[in-house]
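J.: First the structure, which I've put down as structure tokens, then a few questions once you've had a look.
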Amino acid sequence: MIMKNLKMLIEQTCKSIDFSGVVSIQKGQEVLFQSAYGLSNRSDKINNKMDTRFGIASGCKIFTAVAISQLVEKGVLSFETRLKDCLPITFSNFDENITVHQLLTHTSGIPDYFDEAVMDDFADLWKERPMYTIERLHDFLPMFQHNEMMFTPGEKFHYNNAGYILLGLIVEQQSGLPFTEYVEKNIFVRCSMEGSGYFELHSLPAQTALGYIDNEDGTWKTNIYSIPVKGGSDGGAFITAADMVKFWQSLLRFQLLSEQLTNMLLAPHVVVEEDDCYGYGVWVSKKKNEIFKYHVMGYDPGVSFHSAFYPSNELTVVIPSNKSEGAYDVMKTIENALTS
């Protein structure tokens with residue numbers, strides 16, 4: 001009865017907000033709810049399907065954290081390794097004591113290339129530096145490399161995209177592989193995430209949703225000129241809903257990391273708000289001092305994404321969308337039903 005009511009509530013929410021994307025709810029191997037909404041290509045009237053690939057923006061920071069944790073497990077570095085000791089790049093104004101742990105938990109204090117606390121339109125960032133010139137992680141460096149620190153390392157949480165660019169560069173430096181190739185080999189292949197990848201916007205593979213930006217006058221445009229041409233360690237991977245379920249399952253079964261390293265990744269390292277904490281590349285939310293969910297999310301122009309694992313009932317929820325908003329509303333509907 002609960003699932004029947006939940007399905008009805010999801011359908012109502014998706015209709016009321018004109019949701020475009022897919023919704024997947026799974027318990028173990030049992031699919032409880034799956035449905036696709038809207039169009040992956042508006043011009044050609046192609047519908048979104050359950051196997052459509054979607055961009056997930058910052059939702060893939062958890063892949064970066066897993067990659068770093070794998071290198072820690074191999075003994076290549078530790079979470080307390082200093083940035084200066086694992087990445088031979090000059091940062092003229094950076095504190096010498098910044099650690100990998102601080103980069104992972106957004107507590108490093110380094111300057112950001114896009115500070116979400118003071119900037120609200122990601123597309124504006126690319127007016128001076130066209131996004132089609134950003135093809136690899138090193139291309140981000142001139143945007144923050146010689147800027148001043150924002151605060152002393154470890155002082156507080158401040159969400160930071162540049163920190164994850166540096167983590168990706170550390171992966172490249174220590175593994176000898178381009179970041180996206182490392183993730184594809186050591187995460188996607190290991191999880192059998194066959195539909196996922198870091199695709200270039202100007203040459204997207206089949207069954208990939210275009211990201212759409214809706215204007216107030218009813219017109220729209222794709223996001224090809226609003227985000228970097230290829231994703232990397234701070235965001236921009238593409239997944240299918242089924243692949244994201246595989247990722248959660250592989251992570252929680254210790255197929256990507258040892259139990260010890262998995263627990264470190266999922267630990268609530270820093271309190272952001274009262275019951276909301278941040279681990280390594282993942283948000284950790286509590287209710288009544290118990291873990292309510294581990295979750296990731298991402299927003300870009302033409303992208304909204306939420307995905308979570310709820311330990312108490314072993315539910316995995318994946319909600320990717322090819323519009324700038326919508327995933328949060330659907331997630332909230334599901335959570336309200338689960339906790340009512």
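Order determines the names: the first chain of the structure tokens is A, the second B, and so forth; residues in each chain are numbered 1 upward, and ligands are numbered 1 upward as they are shown.
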So that I can check the surroundings of Ser43 of chain A, please list as a list in words every protein, DNA and RNA residue that reaches within 12 Å of it, counting only C-alpha atoms and ignoring chain neighbours fewer than 5 positions away.
T.: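 The residues that qualify are Ala209, Leu210, Tyr212, Trp220, Lys221 and Thr222 of chain A.
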J.: Please produce an output containing N, CA and C atoms for each residue in the selection, written as a compact mmCIF listing (two decimals), in the first residue's frame.
T.:
# COMPACT_ATOMS: atom_id res chain seq x y z
N ALA A 209 20.81 12.09 -22.99
CA ALA A 209 19.91 13.23 -22.93
C ALA A 209 20.68 14.53 -23.10
N LEU A 210 20.17 15.42 -23.92
CA LEU A 210 20.71 16.77 -24.01
C LEU A 210 20.22 17.55 -22.80
N TYR A 212 18.83 20.81 -21.00
CA TYR A 212 18.03 21.95 -21.48
C TYR A 212 17.90 23.04 -20.43
N TRP A 220 13.84 27.84 -25.11
CA TRP A 220 14.85 27.02 -24.44
C TRP A 220 16.10 26.93 -25.30
N LYS A 221 17.16 26.46 -24.67
CA LYS A 221 18.42 26.20 -25.38
C LYS A 221 19.10 25.02 -24.70
N THR A 222 20.01 24.37 -25.40
CA THR A 222 20.78 23.30 -24.77
C THR A 222 21.91 23.93 -23.97
J.: Could I get the residues of segment 40-134 of chain A with an atom no further than 10 Å from an atom of segment 238-255 of chain A, each paired with its nearest atom pair and that distance in Å to one decimal, using only C-alpha atoms, sorted by chain and residue number, as a Markdown table?
T.:
| residue | atom | partner | partner_atom | distance |
| --- | --- | --- | --- | --- |
| A:Lys49 | CA | A:Thr240 | CA | 9.6 |
| A:Met50 | CA | A:Ala241 | CA | 6.9 |
| A:Asp51 | CA | A:Thr240 | CA | 5.8 |
| A:Thr52 | CA | A:Thr240 | CA | 5.9 |
| A:Arg53 | CA | A:Thr240 | CA | 4.6 |
| A:Phe54 | CA | A:Phe238 | CA | 5.1 |
| A:Gly55 | CA | A:Phe238 | CA | 4.2 |
| A:Ile56 | CA | A:Phe238 | CA | 6.0 |
| A:Ala57 | CA | A:Phe238 | CA | 8.3 |
| A:Gly59 | CA | A:Phe238 | CA | 9.7 |
| A:Cys60 | CA | A:Phe238 | CA | 8.7 |
| A:Phe63 | CA | A:Phe247 | CA | 9.3 |
| A:Val66 | CA | A:Leu251 | CA | 8.8 |
J.: Run DSSP on the backbone and give me the residues of segment 53-269 of chain A it puts in strand (DSSP E or B), as a list of chain:residue names.
T.: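 For segment 53-269 of chain A, the strand (DSSP E or B) set is A:Arg53, A:Phe54, A:Gly55, A:Arg82, A:Thr99, A:Gly197, A:Thr208, A:Tyr212, A:Ile213, A:Asp214, A:Trp220, A:Lys221, A:Thr222, A:Gly232, A:Gly235, A:Phe238, A:Ile239.
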J.: Have a look at A:Thr99, A:Gln207, A:Thr262, A:Asn161 and name the one nearest to Tyr280 of chain A; count only C-alpha atoms.
T.: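 Going through A:Thr99, A:Gln207, A:Thr262, A:Asn161 one by one, the smallest distance to Tyr280 of chain A is for A:Thr262.
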J.: Tell me, which residues of segment 161-324 of chain A carry DSSP helix (DSSP H, G or I), written as a ChimeraX atom specification?
T.: /A:161-175,179-188,201-203,241-252,259-266
J.: Output N, CA and C atoms for every residue in the selection just made, as a CSV table (one decimal), in the first residue's frame.
T.:
chain,number,residue,atom,x,y,z
A,161,ASN,N,34.8,23.6,-5.6
A,161,ASN,CA,35.0,22.8,-6.8
A,161,ASN,C,36.5,22.7,-7.1
A,162,ALA,N,37.2,23.8,-6.9
A,162,ALA,CA,38.7,23.7,-7.2
A,162,ALA,C,39.4,22.7,-6.5
A,163,GLY,N,39.0,22.4,-5.2
A,163,GLY,CA,39.6,21.4,-4.4
A,163,GLY,C,39.5,20.0,-5.1
A,164,TYR,N,38.4,19.8,-5.8
A,164,TYR,CA,38.2,18.5,-6.5
A,164,TYR,C,39.0,18.4,-7.8
A,165,ILE,N,39.2,19.6,-8.4
A,165,ILE,CA,40.1,19.7,-9.6
A,165,ILE,C,41.5,19.2,-9.1
A,166,LEU,N,42.0,19.7,-8.0
A,166,LEU,CA,43.3,19.3,-7.5
A,166,LEU,C,43.3,17.8,-7.1
A,167,LEU,N,42.3,17.3,-6.6
A,167,LEU,CA,42.2,15.9,-6.3
A,167,LEU,C,42.3,15.0,-7.6
A,168,GLY,N,41.7,15.5,-8.6
A,168,GLY,CA,41.8,14.8,-9.9
A,168,GLY,C,43.2,14.9,-10.5
A,169,LEU,N,43.9,16.0,-10.3
A,169,LEU,CA,45.3,16.1,-10.7
A,169,LEU,C,46.2,15.2,-9.9
A,170,ILE,N,45.9,15.1,-8.6
A,170,ILE,CA,46.6,14.1,-7.8
A,170,ILE,C,46.5,12.7,-8.3
A,171,VAL,N,45.2,12.3,-8.6
A,171,VAL,CA,45.0,11.0,-9.2
A,171,VAL,C,45.8,10.8,-10.5
A,172,GLU,N,45.9,11.8,-11.3
A,172,GLU,CA,46.7,11.7,-12.6
A,172,GLU,C,48.2,11.6,-12.2
A,173,GLN,N,48.6,12.4,-11.3
A,173,GLN,CA,50.0,12.4,-11.0
A,173,GLN,C,50.5,11.1,-10.4
A,174,GLN,N,49.6,10.5,-9.5
A,174,GLN,CA,50.0,9.3,-8.7
A,174,GLN,C,49.7,8.0,-9.5
A,175,SER,N,48.8,8.1,-10.4
A,175,SER,CA,48.4,6.8,-11.2
A,175,SER,C,49.1,6.8,-12.6
A,179,PHE,N,42.7,11.4,-15.6
A,179,PHE,CA,41.7,11.2,-14.6
A,179,PHE,C,40.5,10.4,-15.1
A,180,THR,N,39.9,10.8,-16.2
A,180,THR,CA,38.7,10.1,-16.7
A,180,THR,C,39.0,8.6,-17.0
A,181,GLU,N,40.2,8.4,-17.5
A,181,GLU,CA,40.5,7.0,-17.9
A,181,GLU,C,40.7,6.2,-16.6
A,182,TYR,N,41.3,6.8,-15.6
A,182,TYR,CA,41.4,6.1,-14.3
A,182,TYR,C,40.0,5.7,-13.7
A,183,VAL,N,39.1,6.6,-13.7
A,183,VAL,CA,37.8,6.3,-13.2
A,183,VAL,C,37.1,5.2,-14.0
A,184,GLU,N,37.2,5.4,-15.3
A,184,GLU,CA,36.5,4.4,-16.2
A,184,GLU,C,37.1,3.0,-16.0
A,185,LYS,N,38.4,2.9,-15.8
A,185,LYS,CA,39.0,1.5,-15.6
A,185,LYS,C,38.8,1.0,-14.2
A,186,ASN,N,38.9,1.8,-13.2
A,186,ASN,CA,38.9,1.4,-11.8
A,186,ASN,C,37.6,1.5,-11.1
A,187,ILE,N,36.6,2.2,-11.7
A,187,ILE,CA,35.3,2.3,-11.0
A,187,ILE,C,34.2,1.8,-12.0
A,188,PHE,N,34.1,2.4,-13.2
A,188,PHE,CA,33.0,2.0,-14.1
A,188,PHE,C,33.1,0.6,-14.5
A,201,LEU,N,30.6,17.1,-24.9
A,201,LEU,CA,29.3,17.6,-25.2
A,201,LEU,C,29.1,17.7,-26.7
A,202,HIS,N,30.1,17.9,-27.5
A,202,HIS,CA,30.0,18.1,-28.9
A,202,HIS,C,30.0,16.7,-29.7
A,203,SER,N,30.1,15.6,-28.9
A,203,SER,CA,30.1,14.3,-29.6
A,203,SER,C,29.5,13.3,-28.6
A,241,ALA,N,20.5,5.4,-14.8
A,241,ALA,CA,20.0,5.1,-13.4
A,241,ALA,C,20.5,3.8,-13.0
A,242,ALA,N,20.4,2.8,-13.8
A,242,ALA,CA,20.8,1.4,-13.4
A,242,ALA,C,22.3,1.4,-13.1
A,243,ASP,N,23.1,2.1,-13.8
A,243,ASP,CA,24.6,2.1,-13.5
A,243,ASP,C,24.8,2.8,-12.1
A,244,MET,N,24.1,3.8,-11.8
A,244,MET,CA,24.3,4.4,-10.5
A,244,MET,C,23.9,3.5,-9.3
A,245,VAL,N,22.8,2.7,-9.5
A,245,VAL,CA,22.5,1.7,-8.6
A,245,VAL,C,23.6,0.7,-8.4
A,246,LYS,N,24.2,0.3,-9.5
A,246,LYS,CA,25.4,-0.6,-9.5
A,246,LYS,C,26.5,0.0,-8.7
A,247,PHE,N,26.8,1.3,-8.9
A,247,PHE,CA,27.8,1.9,-8.1
A,247,PHE,C,27.6,1.8,-6.6
A,248,TRP,N,26.4,2.2,-6.2
A,248,TRP,CA,26.1,2.2,-4.7
A,248,TRP,C,26.3,0.7,-4.2
A,249,GLN,N,25.8,-0.2,-5.0
A,249,GLN,CA,25.9,-1.6,-4.5
A,249,GLN,C,27.3,-2.1,-4.4
A,250,SER,N,28.1,-1.7,-5.4
A,250,SER,CA,29.5,-2.1,-5.4
A,250,SER,C,30.3,-1.5,-4.3
A,251,LEU,N,30.0,-0.2,-4.0
A,251,LEU,CA,30.6,0.5,-2.9
A,251,LEU,C,30.3,-0.1,-1.6
A,252,LEU,N,29.0,-0.4,-1.4
A,252,LEU,CA,28.6,-0.8,-0.1
A,252,LEU,C,28.9,-2.3,0.2
A,259,GLU,N,36.6,-2.6,3.5
A,259,GLU,CA,35.6,-2.2,4.5
A,259,GLU,C,36.1,-1.0,5.2
A,260,GLN,N,37.4,-1.0,5.6
A,260,GLN,CA,37.9,0.1,6.4
A,260,GLN,C,37.9,1.4,5.6
A,261,LEU,N,38.3,1.4,4.3
A,261,LEU,CA,38.4,2.6,3.5
A,261,LEU,C,37.0,3.0,3.1
A,262,THR,N,36.1,2.1,2.9
A,262,THR,CA,34.7,2.4,2.6
A,262,THR,C,34.1,3.2,3.8
A,263,ASN,N,34.3,2.7,5.0
A,263,ASN,CA,33.8,3.4,6.2
A,263,ASN,C,34.4,4.7,6.4
A,264,MET,N,35.7,4.9,6.0
A,264,MET,CA,36.3,6.3,6.1
A,264,MET,C,35.6,7.2,5.1
A,265,LEU,N,35.4,6.7,3.9
A,265,LEU,CA,34.7,7.5,2.9
A,265,LEU,C,33.4,8.0,3.3
A,266,LEU,N,32.6,7.1,4.0
A,266,LEU,CA,31.2,7.4,4.3
A,266,LEU,C,31.1,8.0,5.7
J.: Write out as a PDB file with C-alpha atoms, in the first residue's frame each polymer residue whose atoms come within 7 Å of segment 4-6 of chain A, counting only C-alpha atoms; drop sequence neighbours fewer than 4 positions from it.
T.:
ATOM      1  CA  ILE A  10       5.771  10.621  -7.553  1.00  0.00           C
ATOM      2  CA  ILE A 334       9.953  10.242  -1.839  1.00  0.00           C
ATOM      3  CA  ALA A 337       6.559   9.451   2.091  1.00  0.00           C
TER       4      ALA A 337
END
J.: Using only C-alpha atoms, can you tell me which of A:Val229, A:Leu103, A:Val318, A:Ile213 comes closest to His306 of chain A?
T.: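 Checking each candidate against His306 of chain A, we get A:Val318 as the closest.
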J.: Can you work out which one of A:Ala206, A:Tyr328, A:Glu30, A:Thr316 has the shortest atom-to-atom distance to Ile46 of chain A, counting only C-alpha atoms?
T.: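 Closest to Ile46 of chain A of all the choices is A:Ala206.
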J.: By how many Å are atom CA of Lys84 of chain A and atom CA of Pro111 of chain A apart?
T.: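 Pair atom CA of Lys84 of chain A / atom CA of Pro111 of chain A returns 15.8 Å.
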J.: Counting only C-alpha atoms, figure out which residue out of A:Tyr132, A:Phe79, A:Phe305, A:Phe292 gets nearest to Ser226 of chain A.
T.: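 Nearest to Ser226 of chain A: A:Tyr132.
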J.: May I have the residues within 10 Å of Asn313 of chain A as a ChimeraX atom specification, using only C-alpha atoms and disregarding those fewer than 5 positions away in the same chain?
T.: /A:27-28,292,338
J.: Can I get the selected residues back with N, CA and C atoms, as a PDB file, in the first residue's frame?
T.:
ATOM      1  N   LYS A  27      15.332  -1.842  -3.962  1.00  0.00           N
ATOM      2  CA  LYS A  27      15.700  -2.438  -2.672  1.00  0.00           C
ATOM      3  C   LYS A  27      16.468  -3.716  -2.980  1.00  0.00           C
ATOM      4  N   GLY A  28      17.775  -3.689  -2.750  1.00  0.00           N
ATOM      5  CA  GLY A  28      18.593  -4.818  -3.174  1.00  0.00           C
ATOM      6  C   GLY A  28      18.488  -4.972  -4.679  1.00  0.00           C
ATOM      7  N   PHE A 292      20.526   8.601   8.308  1.00  0.00           N
ATOM      8  CA  PHE A 292      19.291   8.536   7.519  1.00  0.00           C
ATOM      9  C   PHE A 292      19.608   8.195   6.069  1.00  0.00           C
ATOM     10  N   LEU A 338       8.572   8.331   2.873  1.00  0.00           N
ATOM     11  CA  LEU A 338       9.314   7.334   3.651  1.00  0.00           C
ATOM     12  C   LEU A 338       9.301   7.629   5.142  1.00  0.00           C
TER      13      LEU A 338
END
